[in-house]
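Structure file run04.pdb with PDB, C-alpha atoms and all ligand atoms:
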```pdb
ATOM      1  CA  MET I  12     -18.828  10.110   5.115  1.00  0.00           C
ATOM      2  CA  CYS I  13     -17.029   8.033   2.453  1.00  0.00           C
ATOM      3  CA  VAL I  14     -18.159   4.600   1.311  1.00  0.00           C
ATOM      4  CA  PHE I  15     -15.299   2.770   3.066  1.00  0.00           C
ATOM      5  CA  CYS I  16     -15.904   4.649   6.356  1.00  0.00           C
ATOM      6  CA  LYS I  17     -19.506   3.428   6.057  1.00  0.00           C
ATOM      7  CA  ILE I  18     -18.224  -0.123   5.555  1.00  0.00           C
ATOM      8  CA  ILE I  19     -16.058   0.226   8.685  1.00  0.00           C
ATOM      9  CA  ASN I  20     -18.940   1.447  10.833  1.00  0.00           C
ATOM     10  CA  GLY I  21     -21.313  -1.176   9.425  1.00  0.00           C
ATOM     11  CA  GLU I  22     -23.664   1.207   7.590  1.00  0.00           C
ATOM     12  CA  ILE I  23     -22.795  -0.642   4.362  1.00  0.00           C
ATOM     13  CA  PRO I  24     -22.450  -4.438   4.596  1.00  0.00           C
ATOM     14  CA  SER I  25     -19.192  -6.130   3.582  1.00  0.00           C
ATOM     15  CA  TYR I  26     -17.560  -9.542   3.589  1.00  0.00           C
ATOM     16  CA  LYS I  27     -14.741  -9.179   6.097  1.00  0.00           C
ATOM     17  CA  ILE I  28     -11.661 -11.408   5.775  1.00  0.00           C
ATOM     18  CA  TYR I  29      -9.337  -9.952   8.423  1.00  0.00           C
ATOM     19  CA  GLU I  30      -9.447  -7.148  10.993  1.00  0.00           C
ATOM     20  CA  THR I  31      -7.358  -5.495  13.725  1.00  0.00           C
ATOM     21  CA  ASP I  32      -7.946  -2.368  15.837  1.00  0.00           C
ATOM     22  CA  THR I  33      -6.560  -0.203  13.033  1.00  0.00           C
ATOM     23  CA  VAL I  34      -7.122  -1.987   9.710  1.00  0.00           C
ATOM     24  CA  MET I  35      -9.668  -4.131   7.903  1.00  0.00           C
ATOM     25  CA  ALA I  36      -9.666  -6.422   4.846  1.00  0.00           C
ATOM     26  CA  PHE I  37     -12.857  -7.210   2.925  1.00  0.00           C
ATOM     27  CA  LEU I  38     -13.864  -8.580  -0.468  1.00  0.00           C
ATOM     28  CA  ASP I  39     -13.981  -6.032  -3.291  1.00  0.00           C
ATOM     29  CA  ILE I  40     -17.462  -5.758  -4.738  1.00  0.00           C
ATOM     30  CA  SER I  41     -16.029  -5.915  -8.284  1.00  0.00           C
ATOM     31  CA  GLN I  42     -13.981  -9.194  -7.920  1.00  0.00           C
ATOM     32  CA  ASN I  43     -11.458  -8.654 -10.763  1.00  0.00           C
ATOM     33  CA  THR I  44     -10.546 -12.257  -9.930  1.00  0.00           C
ATOM     34  CA  LYS I  45     -11.908 -14.647  -7.311  1.00  0.00           C
ATOM     35  CA  GLY I  46     -10.848 -13.408  -3.862  1.00  0.00           C
ATOM     36  CA  HIS I  47     -10.066  -9.800  -4.907  1.00  0.00           C
ATOM     37  CA  THR I  48      -9.731  -8.088  -1.534  1.00  0.00           C
ATOM     38  CA  LEU I  49      -9.182  -4.542  -0.265  1.00  0.00           C
ATOM     39  CA  VAL I  50      -7.128  -3.690   2.817  1.00  0.00           C
ATOM     40  CA  ILE I  51      -7.901  -0.306   4.374  1.00  0.00           C
ATOM     41  CA  PRO I  52      -7.012   1.733   7.463  1.00  0.00           C
ATOM     42  CA  LYS I  53      -9.950   2.243   9.843  1.00  0.00           C
ATOM     43  CA  LYS I  54      -9.241   5.972  10.055  1.00  0.00           C
ATOM     44  CA  HIS I  55     -10.104   8.001   6.980  1.00  0.00           C
ATOM     45  CA  ILE I  56      -6.834   8.615   5.142  1.00  0.00           C
ATOM     46  CA  GLU I  57      -7.209   9.637   1.514  1.00  0.00           C
ATOM     47  CA  SER I  58      -3.989   8.479  -0.078  1.00  0.00           C
ATOM     48  CA  ILE I  59      -0.309   7.629   0.375  1.00  0.00           C
ATOM     49  CA  PHE I  60       0.370  11.376   0.678  1.00  0.00           C
ATOM     50  CA  ASP I  61      -1.527  11.457   3.998  1.00  0.00           C
ATOM     51  CA  LEU I  62      -0.497   8.041   5.285  1.00  0.00           C
ATOM     52  CA  ASP I  63       1.476   8.035   8.559  1.00  0.00           C
ATOM     53  CA  GLU I  64       4.234   5.454   8.881  1.00  0.00           C
ATOM     54  CA  GLN I  65       2.675   3.488  11.755  1.00  0.00           C
ATOM     55  CA  THR I  66      -0.576   3.031   9.826  1.00  0.00           C
ATOM     56  CA  GLY I  67       1.531   2.055   6.819  1.00  0.00           C
ATOM     57  CA  ARG I  68       3.196  -0.667   8.903  1.00  0.00           C
ATOM     58  CA  ASP I  69      -0.163  -1.893  10.246  1.00  0.00           C
ATOM     59  CA  LEU I  70      -1.584  -1.944   6.730  1.00  0.00           C
ATOM     60  CA  PHE I  71       1.249  -3.870   5.172  1.00  0.00           C
ATOM     61  CA  GLU I  72       1.248  -6.409   8.000  1.00  0.00           C
ATOM     62  CA  ALA I  73      -2.455  -6.939   7.276  1.00  0.00           C
ATOM     63  CA  VAL I  74      -1.741  -7.198   3.539  1.00  0.00           C
ATOM     64  CA  VAL I  75       0.775  -9.996   4.194  1.00  0.00           C
ATOM     65  CA  LYS I  76      -1.582 -11.838   6.558  1.00  0.00           C
ATOM     66  CA  THR I  77      -4.611 -11.451   4.290  1.00  0.00           C
ATOM     67  CA  THR I  78      -2.667 -12.525   1.187  1.00  0.00           C
ATOM     68  CA  ASN I  79      -1.600 -15.703   2.989  1.00  0.00           C
ATOM     69  CA  ILE I  80      -5.153 -16.418   4.187  1.00  0.00           C
ATOM     70  CA  LEU I  81      -6.419 -16.021   0.622  1.00  0.00           C
ATOM     71  CA  LYS I  82      -3.615 -18.123  -0.868  1.00  0.00           C
ATOM     72  CA  ASN I  83      -4.090 -20.945   1.641  1.00  0.00           C
ATOM     73  CA  LYS I  84      -7.850 -21.067   1.126  1.00  0.00           C
ATOM     74  CA  LEU I  85      -8.093 -20.384  -2.614  1.00  0.00           C
ATOM     75  CA  GLY I  86      -4.923 -22.048  -3.850  1.00  0.00           C
ATOM     76  CA  PHE I  87      -3.953 -19.508  -6.488  1.00  0.00           C
ATOM     77  CA  LYS I  88      -0.356 -19.307  -7.655  1.00  0.00           C
ATOM     78  CA  ASP I  89       0.466 -15.608  -7.984  1.00  0.00           C
ATOM     79  CA  VAL I  90      -0.933 -12.275  -6.887  1.00  0.00           C
ATOM     80  CA  ASN I  91      -0.944  -8.567  -7.778  1.00  0.00           C
ATOM     81  CA  LEU I  92      -0.886  -5.891  -5.076  1.00  0.00           C
ATOM     82  CA  LEU I  93      -2.243  -2.625  -6.440  1.00  0.00           C
ATOM     83  CA  ASN I  94      -2.655   0.797  -4.881  1.00  0.00           C
ATOM     84  CA  ASN I  95      -3.995   3.824  -6.768  1.00  0.00           C
ATOM     85  CA  ASN I  96      -3.307   7.300  -5.370  1.00  0.00           C
ATOM     86  CA  GLY I  97      -5.208  10.226  -6.859  1.00  0.00           C
ATOM     87  CA  SER I  98      -7.474  10.460  -9.882  1.00  0.00           C
ATOM     88  CA  LEU I  99      -4.617  10.499 -12.435  1.00  0.00           C
ATOM     89  CA  ALA I 100      -3.553   7.162 -10.990  1.00  0.00           C
ATOM     90  CA  GLY I 101      -7.073   5.749 -11.212  1.00  0.00           C
ATOM     91  CA  GLN I 102      -8.173   6.149  -7.576  1.00  0.00           C
ATOM     92  CA  VAL I 103     -11.970   6.192  -7.432  1.00  0.00           C
ATOM     93  CA  VAL I 104     -12.667   5.751  -3.716  1.00  0.00           C
ATOM     94  CA  ASN I 105     -10.777   8.423  -1.786  1.00  0.00           C
ATOM     95  CA  HIS I 106     -10.050   6.285   1.276  1.00  0.00           C
ATOM     96  CA  TYR I 107      -6.614   4.644   1.128  1.00  0.00           C
ATOM     97  CA  HIS I 108      -6.777   0.994   0.059  1.00  0.00           C
ATOM     98  CA  ILE I 109      -4.496  -1.734  -1.215  1.00  0.00           C
ATOM     99  CA  HIS I 110      -5.970  -4.216  -3.691  1.00  0.00           C
ATOM    100  CA  ILE I 111      -4.982  -7.877  -3.357  1.00  0.00           C
ATOM    101  CA  ILE I 112      -5.747  -9.522  -6.706  1.00  0.00           C
ATOM    102  CA  PRO I 113      -5.142 -13.294  -6.887  1.00  0.00           C
ATOM    103  CA  ARG I 114      -3.858 -14.546 -10.255  1.00  0.00           C
ATOM    104  CA  TYR I 115      -4.916 -17.923 -11.577  1.00  0.00           C
ATOM    105  CA  GLY I 116      -3.739 -17.803 -15.209  1.00  0.00           C
ATOM    106  CA  ASN I 117      -6.305 -17.336 -18.005  1.00  0.00           C
ATOM    107  CA  ASP I 118      -8.211 -15.110 -15.600  1.00  0.00           C
ATOM    108  CA  GLU I 119      -8.861 -12.274 -18.060  1.00  0.00           C
ATOM    109  CA  CYS I 120      -7.363  -9.690 -15.721  1.00  0.00           C
ATOM    110  CA  TYR I 121      -5.017  -7.303 -17.569  1.00  0.00           C
ATOM    111  CA  PHE I 122      -2.764  -4.454 -16.453  1.00  0.00           C
ATOM    112  CA  LYS I 123      -1.371  -2.343 -19.275  1.00  0.00           C
ATOM    113  CA  GLU I 124       2.361  -1.654 -19.115  1.00  0.00           C
ATOM    114  CA  SER I 125       4.126   1.148 -21.002  1.00  0.00           C
ATOM    115  CA  PRO I 126       7.605  -0.080 -21.908  1.00  0.00           C
ATOM    116  CA  HIS I 127      10.349   2.551 -22.163  1.00  0.00           C
ATOM    117  CA  GLU I 128      13.916   1.912 -23.148  1.00  0.00           C
ATOM    118  CA  ALA I 129      16.359   2.702 -20.332  1.00  0.00           C
ATOM    119  CA  ASN I 130      18.483   5.819 -20.855  1.00  0.00           C
ATOM    120  CA  PHE I 131      21.288   5.421 -18.337  1.00  0.00           C
ATOM    121  CA  GLU I 132      22.352   9.081 -18.520  1.00  0.00           C
ATOM    122  CA  GLU I 133      18.829  10.160 -17.581  1.00  0.00           C
ATOM    123  CA  LEU I 134      18.654   7.546 -14.843  1.00  0.00           C
ATOM    124  CA  ALA I 135      21.943   8.772 -13.365  1.00  0.00           C
ATOM    125  CA  LYS I 136      20.702  12.402 -13.361  1.00  0.00           C
ATOM    126  CA  LEU I 137      17.420  11.379 -11.812  1.00  0.00           C
ATOM    127  CA  CYS I 138      19.143   9.342  -9.133  1.00  0.00           C
ATOM    128  CA  GLU I 139      21.393  12.299  -8.301  1.00  0.00           C
ATOM    129  CA  LYS I 140      18.387  14.622  -8.026  1.00  0.00           C
ATOM    130  CA  LEU I 141      16.607  12.169  -5.757  1.00  0.00           C
ATOM    131  CA  THR I 142      19.483  11.456  -3.414  1.00  0.00           C
ATOM    132  CA  LYS I 143      21.504  14.675  -3.059  1.00  0.00           C
TER     133      LYS I 143
HETATM  134  P1  LIG F 201      -9.870   2.293  -6.783  1.00  0.00           P
HETATM  135  O1  LIG F 201     -10.185   2.415  -8.242  1.00  0.00           O
HETATM  136  O2  LIG F 201     -10.275   3.532  -6.001  1.00  0.00           O
HETATM  137  O3  LIG F 201      -8.457   1.864  -6.519  1.00  0.00           O
HETATM  138  O4  LIG F 201     -10.749   1.064  -6.283  1.00  0.00           O
HETATM  139  C1  LIG F 201     -11.935   1.191  -5.567  1.00  0.00           C
HETATM  140  C2  LIG F 201     -12.479  -0.203  -5.391  1.00  0.00           C
HETATM  141  O5  LIG F 201     -13.513  -0.154  -4.434  1.00  0.00           O
HETATM  142  C3  LIG F 201     -13.087  -0.788  -6.678  1.00  0.00           C
HETATM  143  O6  LIG F 201     -12.397  -1.984  -7.024  1.00  0.00           O
HETATM  144  C4  LIG F 201     -14.533  -1.038  -6.298  1.00  0.00           C
HETATM  145  O7  LIG F 201     -15.054  -2.237  -6.839  1.00  0.00           O
HETATM  146  C5  LIG F 201     -14.499  -1.097  -4.778  1.00  0.00           C
HETATM  147  N1  LIG F 201     -15.743  -0.670  -4.153  1.00  0.00           N
HETATM  148  C6  LIG F 201     -16.415   0.471  -4.383  1.00  0.00           C
HETATM  149  N2  LIG F 201     -17.523   0.541  -3.616  1.00  0.00           N
HETATM  150  C7  LIG F 201     -17.543  -0.604  -2.875  1.00  0.00           C
HETATM  151  C8  LIG F 201     -18.436  -1.116  -1.883  1.00  0.00           C
HETATM  152  O8  LIG F 201     -19.447  -0.512  -1.523  1.00  0.00           O
HETATM  153  N3  LIG F 201     -18.125  -2.322  -1.337  1.00  0.00           N
HETATM  154  C9  LIG F 201     -17.001  -3.020  -1.700  1.00  0.00           C
HETATM  155  N4  LIG F 201     -16.788  -4.192  -1.089  1.00  0.00           N
HETATM  156  N5  LIG F 201     -16.143  -2.565  -2.626  1.00  0.00           N
HETATM  157  C10 LIG F 201     -16.397  -1.374  -3.207  1.00  0.00           C
HETATM  158 ZN    ZN F 202     -13.296   7.054   4.578  1.00  0.00          ZN
END
```
Kindly present the structure from the file in structure tokens form.
Amino acid sequence: MCVFCKIINGEIPSYKIYETDTVMAFLDISQNTKGHTLVIPKKHIESIFDLDEQTGRDLFEAVVKTTNILKNKLGFKDVNLLNNNGSLAGQVVNHYHIHIIPRYGNDECYFKESPHEANFEELAKLCEKLTK
């Protein structure tokens, strides 16, 4: 059984912020910033590739509610939502989860971006491939 399934069934303790029949939000053990929270489905779903749409709706509703709870109580200004799918994307725990990472400014939390110049011809081809 995976570590988050053990958190859901209580085998591993957690600090729960919000819960419904299908989803749960709890504090991340690593606390990238104060209030860093994970929102997960209660059923074991590995990644976005296995996520059914109803669970996706339940999850995102919980993300909105949990983000507002955190913002009201902690008073941060901005927030990152992060979701890694698969090892190449940095997923370590193979139970679907969305990170809510409050941003306070000067919080020493960095996400590296890789800037690429837009090539409109390539974008047009890509768009055609994706929509036809
Ligand atoms: P990933 O890299 O898979 O997107 O993130 C996994 C997250 O799960 C990490 O931020 C890590 O700190 C968190 N995590 C791993 N094990 C536990 C645990 O036992 N309890 C809690 N609360 N968080 C955990
Ligand atoms: Zn699991």
Residues within 8 Å of ligand LIG 201 (chain F), counting only C-alpha atoms and all ligand atoms, as a PDB file with C-alpha atoms, in the frame of the given file:
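Contents of the output file pocket.pdb:
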```pdb
ATOM      1  CA  VAL I  14     -18.159   4.600   1.311  1.00  0.00           C
ATOM      2  CA  PHE I  15     -15.299   2.770   3.066  1.00  0.00           C
ATOM      3  CA  ILE I  18     -18.224  -0.123   5.555  1.00  0.00           C
ATOM      4  CA  ILE I  23     -22.795  -0.642   4.362  1.00  0.00           C
ATOM      5  CA  PRO I  24     -22.450  -4.438   4.596  1.00  0.00           C
ATOM      6  CA  SER I  25     -19.192  -6.130   3.582  1.00  0.00           C
ATOM      7  CA  TYR I  26     -17.560  -9.542   3.589  1.00  0.00           C
ATOM      8  CA  PHE I  37     -12.857  -7.210   2.925  1.00  0.00           C
ATOM      9  CA  LEU I  38     -13.864  -8.580  -0.468  1.00  0.00           C
ATOM     10  CA  ASP I  39     -13.981  -6.032  -3.291  1.00  0.00           C
ATOM     11  CA  ILE I  40     -17.462  -5.758  -4.738  1.00  0.00           C
ATOM     12  CA  SER I  41     -16.029  -5.915  -8.284  1.00  0.00           C
ATOM     13  CA  GLN I  42     -13.981  -9.194  -7.920  1.00  0.00           C
ATOM     14  CA  ASN I  43     -11.458  -8.654 -10.763  1.00  0.00           C
ATOM     15  CA  LEU I  49      -9.182  -4.542  -0.265  1.00  0.00           C
ATOM     16  CA  LEU I  93      -2.243  -2.625  -6.440  1.00  0.00           C
ATOM     17  CA  ASN I  94      -2.655   0.797  -4.881  1.00  0.00           C
ATOM     18  CA  ASN I  95      -3.995   3.824  -6.768  1.00  0.00           C
ATOM     19  CA  ASN I  96      -3.307   7.300  -5.370  1.00  0.00           C
ATOM     20  CA  GLY I 101      -7.073   5.749 -11.212  1.00  0.00           C
ATOM     21  CA  GLN I 102      -8.173   6.149  -7.576  1.00  0.00           C
ATOM     22  CA  VAL I 103     -11.970   6.192  -7.432  1.00  0.00           C
ATOM     23  CA  VAL I 104     -12.667   5.751  -3.716  1.00  0.00           C
ATOM     24  CA  ASN I 105     -10.777   8.423  -1.786  1.00  0.00           C
ATOM     25  CA  HIS I 106     -10.050   6.285   1.276  1.00  0.00           C
ATOM     26  CA  HIS I 108      -6.777   0.994   0.059  1.00  0.00           C
ATOM     27  CA  ILE I 109      -4.496  -1.734  -1.215  1.00  0.00           C
ATOM     28  CA  HIS I 110      -5.970  -4.216  -3.691  1.00  0.00           C
TER      29      HIS I 110
END
```
Selected by the PyMOL selection byres (((not hetatm)) within 8 of (chain F and resi 202)) in the shown coordinates: which residues, as a VMD selection string?
-> chain I and resid 12 to 17 53 to 57 105 to 107
The PyMOL selection byres (((chain I and resi 82) around 12) and not hetatm) applied to the shown file, residues as a PyMOL selection string | chain I and resi 45-48+74-81+83-90+111-115
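Take CA of Val34 in chain I and CA of Leu92 in chain I: the distance between them is 16.5 Å.
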How many Å lie between CA of Glu30 in chain I and CA of Leu62 in chain I, rounded to one decimal?
-> 18.5 Å
So how many Å separate CA of Thr33 in chain I and CA of Ala100 in chain I, to one decimal?
->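 Going from CA of Thr33 in chain I over to CA of Ala100 in chain I covers 25.3 Å.
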